[in-house]
Structures are given as structure tokens and as C-alpha cells.
$ cat data04.tsv   # TSV, C-alpha atoms
chain	number	residue	atom	x	y	z
A	289	MET	CA	8.99	69.86	20.81
A	290	GLU	CA	10.03	72.82	22.95
A	291	LEU	CA	8.14	72.75	26.23
A	292	HIS	CA	6.84	75.61	28.32
A	293	THR	CA	9.07	76.20	31.34
A	294	HIS	CA	8.91	78.17	34.55
A	295	GLU	CA	11.96	79.29	36.52
A	296	TRP	CA	12.82	80.25	40.07
A	297	GLY	CA	16.11	81.74	41.22
A	298	GLY	CA	19.34	82.44	39.40
A	299	GLY	CA	21.97	80.49	41.30
A	300	GLU	CA	25.14	79.00	39.85
A	301	ARG	CA	23.76	75.46	40.13
A	302	THR	CA	20.87	74.20	37.99
A	303	ALA	CA	17.95	71.98	39.02
A	304	LEU	CA	15.37	70.49	36.64
A	305	LEU	CA	11.85	69.55	37.78
A	306	VAL	CA	9.52	67.21	35.87
A	307	HIS	CA	5.92	66.77	37.06
A	308	GLY	CA	3.63	63.75	36.81
A	309	ILE	CA	0.48	63.07	34.83
A	310	GLN	CA	-2.34	65.67	35.07
A	311	ALA	CA	-0.07	68.23	36.75
A	312	ASP	CA	2.18	70.99	35.44
A	313	HIS	CA	5.02	73.18	36.74
A	314	ARG	CA	2.75	74.62	39.45
A	315	THR	CA	2.98	71.36	41.38
A	316	TRP	CA	6.49	72.53	42.40
A	317	ARG	CA	5.31	75.90	43.77
A	318	LEU	CA	6.98	75.26	47.16
A	319	ILE	CA	9.94	73.12	46.11
A	320	GLY	CA	11.07	75.46	43.34
A	321	PRO	CA	11.57	78.47	45.62
A	322	GLU	CA	13.18	76.29	48.31
A	323	LEU	CA	15.77	74.98	45.86
A	324	ALA	CA	16.31	78.52	44.57
A	325	ALA	CA	17.03	79.62	48.14
A	326	ARG	CA	19.72	76.91	48.25
A	327	GLY	CA	21.52	78.40	45.29
A	328	TYR	CA	19.87	76.77	42.29
A	329	ARG	CA	18.47	78.13	39.08
A	330	VAL	CA	15.35	75.96	38.98
A	331	ILE	CA	13.69	75.05	35.67
A	332	ALA	CA	10.32	73.27	35.77
A	333	VAL	CA	8.66	72.02	32.58
A	334	ASP	CA	5.09	71.44	31.48
A	335	LEU	CA	5.17	68.08	29.69
A	336	ARG	CA	3.49	67.85	26.28
A	337	GLY	CA	-0.28	67.78	26.71
A	338	HIS	CA	0.03	69.55	30.07
A	339	GLY	CA	-0.08	73.18	31.15
A	340	ALA	CA	1.03	75.69	28.55
A	341	SER	CA	3.04	73.21	26.48
A	342	PRO	CA	1.90	72.09	23.00
A	343	ARG	CA	-0.34	69.09	22.51
A	344	GLY	CA	1.06	65.98	20.86
A	345	THR	CA	0.55	65.39	17.15
A	346	GLY	CA	-0.33	62.16	15.38
A	347	ALA	CA	-3.33	60.07	14.39
A	348	THR	CA	-3.65	58.16	17.68
A	349	PRO	CA	-2.90	58.77	21.39
A	350	ARG	CA	-0.10	56.19	21.11
A	351	GLU	CA	1.59	58.36	18.47
A	352	ARG	CA	1.01	61.59	20.41
A	353	TYR	CA	2.00	60.56	23.90
A	354	GLY	CA	4.20	58.12	25.77
A	355	PRO	CA	7.36	57.97	27.92
A	356	GLU	CA	9.66	58.17	24.90
A	357	GLN	CA	7.92	61.23	23.46
A	358	PHE	CA	8.05	62.90	26.87
A	359	ALA	CA	11.78	62.09	27.14
A	360	GLU	CA	12.55	63.48	23.68
A	361	ASP	CA	10.84	66.74	24.63
A	362	LEU	CA	12.92	67.03	27.79
A	363	VAL	CA	16.12	66.64	25.76
A	364	ASP	CA	14.89	69.24	23.26
A	365	THR	CA	14.00	71.75	25.99
A	366	LEU	CA	16.30	71.40	29.00
A	367	PRO	CA	20.02	72.15	29.39
A	368	ALA	CA	22.42	69.25	29.63
A	369	GLY	CA	24.76	68.91	32.58
A	370	ALA	CA	22.42	70.21	35.29
A	371	ASP	CA	23.44	69.62	38.90
A	372	LEU	CA	20.13	68.02	39.84
A	373	ALA	CA	17.04	66.62	38.10
A	374	ILE	CA	13.85	65.49	39.84
A	375	GLY	CA	11.00	63.59	38.22
A	376	HIS	CA	7.75	62.80	40.03
A	377	SER	CA	5.44	59.88	39.23
A	378	MET	CA	5.04	59.65	35.44
A	379	GLY	CA	7.72	62.31	35.09
A	380	ALA	CA	10.20	59.78	36.47
A	381	PRO	CA	10.21	57.32	33.54
A	382	ALA	CA	10.33	60.29	31.15
A	383	LEU	CA	13.36	61.67	32.98
A	384	TRP	CA	15.01	58.25	33.18
A	385	ARG	CA	14.80	57.91	29.41
A	386	ALA	CA	16.32	61.38	28.97
A	387	VAL	CA	19.16	61.01	31.48
A	388	GLN	CA	21.59	59.48	29.00
A	389	GLN	CA	21.52	62.69	26.96
A	390	LEU	CA	20.81	65.27	29.68
A	391	LYS	CA	23.45	63.80	32.01
A	392	PRO	CA	22.60	65.70	35.21
A	393	ALA	CA	25.05	65.19	38.04
A	394	ARG	CA	22.35	63.63	40.26
A	395	VAL	CA	18.78	62.45	39.78
A	396	VAL	CA	15.82	61.98	42.12
A	397	TYR	CA	12.88	59.82	41.09
A	398	SER	CA	10.04	60.74	43.46
A	399	ASP	CA	7.52	57.89	43.93
A	400	PRO	CA	8.21	56.90	40.33
A	401	ALA	CA	5.73	55.28	37.96
A	402	PHE	CA	8.37	53.16	36.26
A	403	VAL	CA	5.95	50.21	36.17
A	404	TYR	CA	2.58	51.84	35.52
A	405	ASP	CA	0.84	49.00	33.65
A	406	ARG	CA	-0.28	47.03	36.70
A	407	PRO	CA	-3.52	45.25	37.57
A	408	GLY	CA	-6.01	47.84	38.76
A	409	LEU	CA	-4.16	50.74	37.14
A	410	GLY	CA	-5.20	52.22	33.81
A	411	PRO	CA	-6.14	55.46	32.09
A	412	GLU	CA	-9.82	55.49	33.10
A	413	PRO	CA	-9.45	56.81	36.68
A	414	PHE	CA	-7.28	59.67	35.46
A	415	ILE	CA	-9.71	60.61	32.71
A	416	GLY	CA	-12.61	60.39	35.16
A	417	PHE	CA	-10.74	62.56	37.63
A	418	LYS	CA	-10.67	65.41	35.12
A	419	ARG	CA	-14.46	65.20	34.84
A	420	PHE	CA	-15.23	64.81	38.54
A	421	GLY	CA	-12.19	66.35	40.28
A	422	THR	CA	-13.99	69.18	42.01
A	423	ARG	CA	-12.46	71.35	44.72
A	424	GLN	CA	-14.42	69.44	47.34
A	425	PHE	CA	-13.23	66.09	45.99
A	426	ILE	CA	-9.58	67.12	45.85
A	427	THR	CA	-9.77	68.57	49.37
A	428	SER	CA	-11.31	65.34	50.66
A	429	MET	CA	-8.44	63.35	49.11
A	430	HIS	CA	-5.76	65.74	50.39
A	431	PRO	CA	-7.09	67.39	53.55
A	432	ASN	CA	-3.64	68.74	54.46
A	433	TRP	CA	-3.08	70.57	51.18
A	434	PRO	CA	-3.25	74.36	51.42
A	435	ALA	CA	-5.74	76.12	49.16
A	436	GLU	CA	-2.92	77.13	46.80
A	437	ASP	CA	-2.17	73.48	46.01
A	438	VAL	CA	-5.84	72.72	45.38
A	439	ASP	CA	-5.98	75.76	43.08
A	440	ALA	CA	-2.91	74.51	41.21
A	441	GLU	CA	-4.41	71.04	40.81
A	442	LEU	CA	-7.65	72.42	39.43
A	443	ALA	CA	-5.84	74.75	37.03
A	444	ALA	CA	-3.61	71.93	35.76
A	445	LEU	CA	-6.58	69.60	35.28
A	446	ALA	CA	-8.38	72.20	33.19
A	447	LEU	CA	-5.45	72.34	30.75
A	448	TRP	CA	-4.54	68.65	30.73
A	449	ASP	CA	-5.10	66.58	27.56
A	450	THR	CA	-6.62	63.26	28.70
A	451	ASP	CA	-5.13	61.54	25.65
A	452	THR	CA	-1.83	61.51	27.54
A	453	ALA	CA	-3.27	58.77	29.76
A	454	LEU	CA	-4.53	56.79	26.77
A	455	GLY	CA	-1.16	57.18	25.09
A	456	LEU	CA	0.79	55.97	28.11
A	457	TRP	CA	-1.20	52.78	28.47
A	458	ALA	CA	-0.86	52.21	24.73
A	459	HIS	CA	2.85	51.62	25.45
A	460	PRO	CA	2.76	48.70	27.93
A	461	GLU	CA	6.18	47.56	26.71
A	462	LEU	CA	7.69	50.69	28.31
A	463	SER	CA	6.23	49.91	31.74
A	464	VAL	CA	9.45	48.47	33.20
A	465	LEU	CA	11.97	49.01	35.96
A	466	PRO	CA	15.07	50.87	34.80
A	467	GLY	CA	18.42	49.20	34.46
A	468	ALA	CA	21.53	50.30	36.32
A	469	PRO	CA	21.57	54.09	36.81
A	470	VAL	CA	23.61	56.17	34.36
A	471	VAL	CA	24.28	58.83	37.01
A	472	PRO	CA	23.90	58.69	40.83
A	473	SER	CA	20.16	58.20	41.33
A	474	LEU	CA	17.86	58.35	44.34
A	475	VAL	CA	14.41	56.74	44.42
A	476	GLN	CA	12.23	58.54	46.95
A	477	LEU	CA	9.15	56.60	48.06
A	478	ALA	CA	5.80	57.43	49.63
A	479	ASP	CA	4.79	55.53	52.77
A	480	PRO	CA	3.50	53.15	51.56
A	481	SER	CA	4.14	53.48	47.85
A	482	GLY	CA	1.38	52.22	45.58
A	483	LEU	CA	3.73	52.34	42.59
A	484	VAL	CA	6.92	50.77	43.95
A	485	PRO	CA	6.18	47.67	46.03
A	486	ASP	CA	8.79	46.24	48.36
A	487	GLY	CA	10.07	43.74	45.80
A	488	ASP	CA	10.64	46.46	43.21
A	489	ALA	CA	12.34	48.67	45.79
A	490	ALA	CA	14.72	45.82	46.66
A	491	GLU	CA	15.44	45.24	42.97
A	492	LEU	CA	16.17	48.94	42.42
A	493	ARG	CA	18.64	48.83	45.30
A	494	ARG	CA	20.28	45.75	43.77
A	495	ARG	CA	20.64	47.61	40.47
A	496	GLY	CA	22.45	50.49	42.15
A	497	PHE	CA	19.77	53.02	43.12
A	498	GLU	CA	19.66	54.70	46.52
A	499	VAL	CA	16.15	54.14	47.93
A	500	ARG	CA	14.65	56.23	50.73
A	501	THR	CA	11.12	56.42	52.15
A	502	VAL	CA	9.48	59.60	53.44
A	503	PRO	CA	7.50	58.41	56.49
A	504	GLY	CA	3.77	59.10	56.32
A	505	ALA	CA	3.89	60.83	52.93
A	506	GLY	CA	1.41	60.17	50.15
A	507	HIS	CA	2.18	59.80	46.46
A	508	SER	CA	2.69	63.56	45.94
A	509	ILE	CA	5.45	63.72	48.51
A	510	HIS	CA	6.45	67.26	47.54
A	511	ARG	CA	2.91	68.51	48.27
A	512	ASP	CA	1.89	66.14	51.07
A	513	ASP	CA	5.06	66.81	53.09
A	514	PRO	CA	7.34	69.45	51.52
A	515	ALA	CA	9.64	69.47	54.56
A	516	GLY	CA	9.92	65.68	54.49
A	517	PHE	CA	10.55	65.78	50.75
A	518	LEU	CA	13.49	68.15	51.22
A	519	ALA	CA	14.78	66.38	54.32
A	520	SER	CA	15.00	63.09	52.41
A	521	LEU	CA	17.40	64.82	49.99
A	522	ASP	CA	19.83	65.74	52.77
A	523	GLY	CA	23.25	64.42	51.90
A	524	TRP	CA	22.12	63.98	48.31
A	525	ILE	CA	22.00	67.60	47.13
$ encode --input "data04.tsv" --output "C-alpha cells"
Amino acid sequence: MELHTHEWGGGERTALLVHGIQADHRTWRLIGPELAARGYRVIAVDLRGHGASPRGTGATPRERYGPEQFAEDLVDTLPAGADLAIGHSMGAPALWRAVQQLKPARVVYSDPAFVYDRPGLGPEPFIGFKRFGTRQFITSMHPNWPAEDVDAELAALALWDTDTALGLWAHPELSVLPGAPVVPSLVQLADPSGLVPDGDAAELRRRGFEVRTVPGAGHSIHRDDPAGFLASLDGWI
């Protein structure tokens, strides 16, 4: 499947951006231009079932959506050998599964949902959020977000296929920590991270990942604290 993409800049280096569940390329509206200003050609995708990309095909959500399908689409769409690739939340396990073929020089997994099948987590809250995620509700959850980010969230929700959530949780066997990194890899964590507890962070370090925390940032680090997001990449990009 060839995904819809959005680009910023035209630098000699290439950066790839992969959003999380419910979002689309607009989630990177600040980070994309910042990376472009640093000399990157930035390519952000809409995952299948999100934004302007095609919906998945198949008889069941499990057949239409899951980390492996997302990864295959990334390989089909994005150039290999990029200088940098960043995956947020559910975009992180998709990117991880594509890294072997995409082989970017460096990878950042931002508050990654490697292990998403945990007690208390499931597709229902995400599906419910599409129904009840009003402007007022989103603003109450993220009081520091500018109006442009709230607009982007609402626009992405309107286009999002809720079967992506059902499909993900139909693949519990893929809800695992990654093995040793194929390329130099940074795990960037919220403070605290609801997806990567301390034990998992320690295990990722043991397996060879660099792990850094952005103090005070929520799960959407790139929107909660764009400056902190970029500062945590210092020395990495």
C-alpha cells in the first residue's frame, strides 16, 4: 500500500516521521518545519486507516490492521537509507518492524507503544474518543496545546478508521519489547511514561537502546513540549 505523505524542506539529509494511532501527518506540524530548518527533507506519512491514506482491506480488523501491516506500508512508501526516522506511540512498533528494510542511519522511538496489550489498555477508549473527543474535551486534556494542535487532532479524528484499534488488539502476540536495535536507536520517554514503565526502560537499555526522558512532558512529547522534544535529540541528530 502506498501511503499519503506530506513533506517539509528540501535539504540534503532525509528524516521520516511516523505518527501514532488516531493522528496523521499534521501531528508533526511544528517538528517537521524545525527539522527542515536544520537541513532535512522531512517526509511524514499517514498510516493506513488514517488521514488521506487508504483504508485496510480484508474480512476482519485483524486482517486489515496491525503493526506488521503498518510496517509493510512504510517499506512500500518511504525511501531506504534516510538519515533519521522518528516513530511516535503506535508508530514506533510499526517503524521498528520496518527498520530492517528501511535502514535509516538513526531512529527515535518517542514514548513508544511497543507493549500495548496491557491491563487497562484496549481499543475501547480510543474508539470512544472519536465519538466524544470534542474541542472542549481535547482542550481540557491538553490545556497547553495551541488551537492549531486541537484543530489537527479534530481533523485527524474525523478521518480515522476505528478498526485500526480493533486490529491492533487482535494481534496481542505482537505486543512485545524489541530485541537489540538494528541501527542506533533512541527511546524518548514522557515523564512519567504510561507505556514504558521503569522495568521496560531498564530492559531496553540492557538491549542496547539509548533511553532519555523529557521532564514534565506528556505522551505526545512533540506537541506537549516541542522544544523539549528537540532538545532531547541534541547529540543524536
$ residues_around --input "data04.tsv" --residues "Leu483 (chain A)" --least-positions-apart "6" --cutoff "10 Å" --atoms "all atoms listed in the file" --output "VMD selection string"
chain A and resid 377 399 to 406 409 477 489 507
$ atom_distance --input "data04.tsv" --atom1 "CA of Asp451 (chain A)" --atom2 "CA of Ile426 (chain A)"
21.4 Å
$ closest_residue --input "data04.tsv" --among "A:Gly523, A:Pro407, A:Gly416, A:Pro514" --to "Arg394 (chain A)" --atoms "only C-alpha atoms"
A:Gly523
$ closest_residue --input "data04.tsv" --among "A:Gly298, A:Gly379, A:Gly455, A:Gly369" --to "Thr345 (chain A)" --atoms "all atoms listed in the file"
A:Gly455
$ residues_around --input "data04.tsv" --residues "Gln310 (chain A)" --least-positions-apart "4" --cutoff "8 Å" --atoms "all atoms listed in the file" --output "list in words"
His338, Phe414, Ala444, Leu445 and Trp448 of chain A
$ closest_atom_pairs --input "data04.tsv" --of "region 326-393 of chain A" --to "region 458-471 of chain A" --cutoff "10 Å" --atoms "all atoms listed in the file" --output "Markdown table"
| residue | atom | partner | partner_atom | distance |
| --- | --- | --- | --- | --- |
| A:Thr348 | CA | A:Ala458 | CA | 9.6 |
| A:Pro349 | CA | A:Ala458 | CA | 7.6 |
| A:Arg350 | CA | A:Ala458 | CA | 5.4 |
| A:Glu351 | CA | A:Ala458 | CA | 9.1 |
| A:Tyr353 | CA | A:Ala458 | CA | 8.9 |
| A:Gly354 | CA | A:His459 | CA | 6.6 |
| A:Pro355 | CA | A:Leu462 | CA | 7.3 |
| A:Glu356 | CA | A:Leu462 | CA | 8.5 |
| A:Pro381 | CA | A:Pro466 | CA | 8.2 |
| A:Trp384 | CA | A:Pro466 | CA | 7.6 |
| A:Arg385 | CA | A:Pro466 | CA | 8.9 |
| A:Val387 | CA | A:Val470 | CA | 7.2 |
| A:Gln388 | CA | A:Val470 | CA | 6.6 |
| A:Lys391 | CA | A:Val471 | CA | 7.1 |
| A:Pro392 | CA | A:Val471 | CA | 7.3 |
| A:Ala393 | CA | A:Val471 | CA | 6.5 |
$ atom_distance --input "data04.tsv" --atom1 "CA of Glu441 (chain A)" --atom2 "CA of Asp486 (chain A)"
29.1 Å
$ atom_distance --input "data04.tsv" --atom1 "CA of Asp513 (chain A)" --atom2 "CA of Lys418 (chain A)"
23.9 Å
$ residues_near_point --input "data04.tsv" --point "(-7.8, 58.8, 28.0)" --cutoff "8 Å" --atoms "all atoms listed in the file" --output "list in words"
Pro411, Glu412, Phe414, Ile415, Thr450, Asp451, Thr452, Ala453, Leu454 and Gly455 of chain A
$ closest_residue --input "data04.tsv" --among "A:Glu322, A:Glu300, A:Glu295, A:Asp449" --to "Ala370 (chain A)" --atoms "only C-alpha atoms"
A:Glu300
$ residues_near_point --input "data04.tsv" --point "(6.5, 72.3, 25.6)" --cutoff "9 Å" --atoms "only C-alpha atoms" --output "list of chain:residue names"
A:Met289, A:Glu290, A:Leu291, A:His292, A:Thr293, A:Val333, A:Asp334, A:Leu335, A:Arg336, A:Gly337, A:His338, A:Gly339, A:Ala340, A:Ser341, A:Pro342, A:Arg343, A:Asp361, A:Leu362, A:Thr365
$ residues_around --input "data04.tsv" --residues "His376 (chain A)" --least-positions-apart "4" --cutoff "6 Å" --atoms "all atoms listed in the file" --output "list in words"
His307, Gly308, Ala380, Ser398 and Pro400 of chain A
$ closest_residue --input "data04.tsv" --among "A:Thr427, A:Arg352, A:Gly299, A:Leu447" --to "Asp312 (chain A)" --atoms "all atoms listed in the file"
A:Leu447
$ closest_residue --input "data04.tsv" --among "A:Pro472, A:Pro321, A:Gly408, A:Pro485" --to "Ala373 (chain A)" --atoms "all atoms listed in the file"
A:Pro472
$ closest_residue --input "data04.tsv" --among "A:Ile331, A:Ala347, A:Glu360, A:Ile319" --to "Ala519 (chain A)" --atoms "all atoms listed in the file"
A:Ile319
$ residues_around --input "data04.tsv" --residues "Ala303 (chain A)" --least-positions-apart "2" --cutoff "6 Å" --atoms "only C-alpha atoms" --output "list in words"
Val330, Asp371, Leu372 and Ala373 of chain A
$ axis_aligned_box --input "data04.tsv" --around "region 367-384 of chain A" --padding-each-side "6 Å" --output "AutoDock Vina command-line options"
--center_x 14.9 --center_y 64.7 --center_z 34.7 --size_x 31.7 --size_y 26.8 --size_z 22.6
$ closest_atom_pairs --input "data04.tsv" --of "region 373-488 of chain A" --to "region 494-504 of chain A" --cutoff "6 Å" --atoms "all atoms listed in the file" --output "CSV"
residue,atom,partner,partner_atom,distance
A:Ala468,CA,A:Arg495,CA,5.0
A:Ser473,CA,A:Phe497,CA,5.5
A:Leu474,CA,A:Glu498,CA,4.6
A:Val475,CA,A:Val499,CA,4.7
A:Gln476,CA,A:Arg500,CA,5.0
A:Leu477,CA,A:Thr501,CA,4.5
A:Ala478,CA,A:Val502,CA,5.7
A:Asp479,CA,A:Gly504,CA,5.1
$ residues_around --input "data04.tsv" --residues "Ala332 (chain A)" --least-positions-apart "3" --cutoff "6 Å" --atoms "only C-alpha atoms" --output "number ranges by chain"
A: 293-294, 304-305, 313
$ decode --input "data04.tsv" --residues "region 400-498 of chain A" --atoms "C-alpha atoms" --output "CSV table (one decimal), in the first residue's frame"
chain,number,residue,atom,x,y,z
A,400,PRO,CA,6.7,4.0,22.1
A,401,ALA,CA,3.8,1.6,22.4
A,402,PHE,CA,5.9,-1.5,21.9
A,403,VAL,CA,3.9,-3.3,24.6
A,404,TYR,CA,0.3,-2.0,24.1
A,405,ASP,CA,-1.6,-5.1,25.3
A,406,ARG,CA,-1.5,-4.2,29.0
A,407,PRO,CA,-4.1,-4.4,31.7
A,408,GLY,CA,-6.3,-1.4,31.5
A,409,LEU,CA,-5.4,-0.7,27.9
A,410,GLY,CA,-7.6,-1.7,24.9
A,411,PRO,CA,-9.3,-0.4,21.8
A,412,GLU,CA,-12.5,0.9,23.6
A,413,PRO,CA,-11.1,4.2,24.9
A,414,PHE,CA,-9.7,5.1,21.5
A,415,ILE,CA,-13.0,4.3,19.8
A,416,GLY,CA,-14.9,6.2,22.4
A,417,PHE,CA,-12.6,9.2,22.0
A,418,LYS,CA,-13.6,9.5,18.3
A,419,ARG,CA,-17.2,9.7,19.4
A,420,PHE,CA,-16.8,12.1,22.3
A,421,GLY,CA,-13.5,13.9,21.6
A,422,THR,CA,-14.9,17.4,21.3
A,423,ARG,CA,-12.8,20.6,21.1
A,424,GLN,CA,-13.7,21.3,24.8
A,425,PHE,CA,-12.6,17.8,25.8
A,426,ILE,CA,-9.3,17.8,24.0
A,427,THR,CA,-8.5,21.3,25.4
A,428,SER,CA,-9.3,20.1,28.9
A,429,MET,CA,-6.9,17.2,28.4
A,430,HIS,CA,-4.2,19.3,26.8
A,431,PRO,CA,-4.6,22.9,28.1
A,432,ASN,CA,-1.2,23.9,26.8
A,433,TRP,CA,-1.9,22.9,23.2
A,434,PRO,CA,-2.3,25.9,20.8
A,435,ALA,CA,-5.5,26.0,18.8
A,436,GLU,CA,-3.7,24.7,15.7
A,437,ASP,CA,-2.9,21.4,17.5
A,438,VAL,CA,-6.5,21.0,18.7
A,439,ASP,CA,-7.7,21.6,15.1
A,440,ALA,CA,-5.2,19.0,13.8
A,441,GLU,CA,-6.4,16.5,16.4
A,442,LEU,CA,-10.1,17.0,15.5
A,443,ALA,CA,-9.3,16.8,11.8
A,444,ALA,CA,-7.4,13.6,12.2
A,445,LEU,CA,-10.1,12.0,14.4
A,446,ALA,CA,-12.7,12.7,11.7
A,447,LEU,CA,-10.7,10.7,9.1
A,448,TRP,CA,-9.5,7.9,11.4
A,449,ASP,CA,-10.8,4.4,10.9
A,450,THR,CA,-11.6,3.0,14.4
A,451,ASP,CA,-11.0,-0.5,13.1
A,452,THR,CA,-7.3,0.2,13.4
A,453,ALA,CA,-7.7,0.0,17.2
A,454,LEU,CA,-9.6,-3.3,16.9
A,455,GLY,CA,-7.0,-4.7,14.5
A,456,LEU,CA,-4.1,-3.8,16.8
A,457,TRP,CA,-5.5,-5.5,19.8
A,458,ALA,CA,-6.3,-8.5,17.6
A,459,HIS,CA,-2.6,-9.0,17.4
A,460,PRO,CA,-1.6,-9.4,21.1
A,461,GLU,CA,1.4,-11.6,20.1
A,462,LEU,CA,3.0,-8.5,18.6
A,463,SER,CA,2.8,-6.5,21.8
A,464,VAL,CA,6.4,-7.1,22.8
A,465,LEU,CA,9.6,-5.2,23.5
A,466,PRO,CA,12.0,-5.1,20.6
A,467,GLY,CA,15.2,-7.1,20.5
A,468,ALA,CA,18.6,-5.5,20.1
A,469,PRO,CA,18.5,-2.4,17.8
A,470,VAL,CA,19.4,-2.9,14.1
A,471,VAL,CA,20.6,0.7,13.9
A,472,PRO,CA,21.5,3.3,16.6
A,473,SER,CA,18.2,3.8,18.4
A,474,LEU,CA,16.9,6.3,20.9
A,475,VAL,CA,13.9,5.7,23.1
A,476,GLN,CA,12.4,9.1,24.2
A,477,LEU,CA,10.1,8.9,27.2
A,478,ALA,CA,7.3,11.1,28.6
A,479,ASP,CA,7.5,12.0,32.3
A,480,PRO,CA,6.2,9.7,33.5
A,481,SER,CA,5.6,7.3,30.6
A,482,GLY,CA,2.4,5.3,30.8
A,483,LEU,CA,3.6,3.0,28.1
A,484,VAL,CA,7.2,2.3,29.1
A,485,PRO,CA,7.5,1.6,32.8
A,486,ASP,CA,10.8,1.7,34.6
A,487,GLY,CA,11.5,-2.0,34.2
A,488,ASP,CA,10.9,-1.9,30.5
A,489,ALA,CA,13.1,1.2,30.2
A,490,ALA,CA,15.9,-0.6,32.0
A,491,GLU,CA,15.5,-3.7,29.8
A,492,LEU,CA,15.6,-1.5,26.6
A,493,ARG,CA,18.9,0.0,27.9
A,494,ARG,CA,20.3,-3.5,28.5
A,495,ARG,CA,19.4,-4.5,24.9
A,496,GLY,CA,21.3,-1.5,23.6
A,497,PHE,CA,18.9,1.4,23.2
A,498,GLU,CA,19.7,4.9,24.4
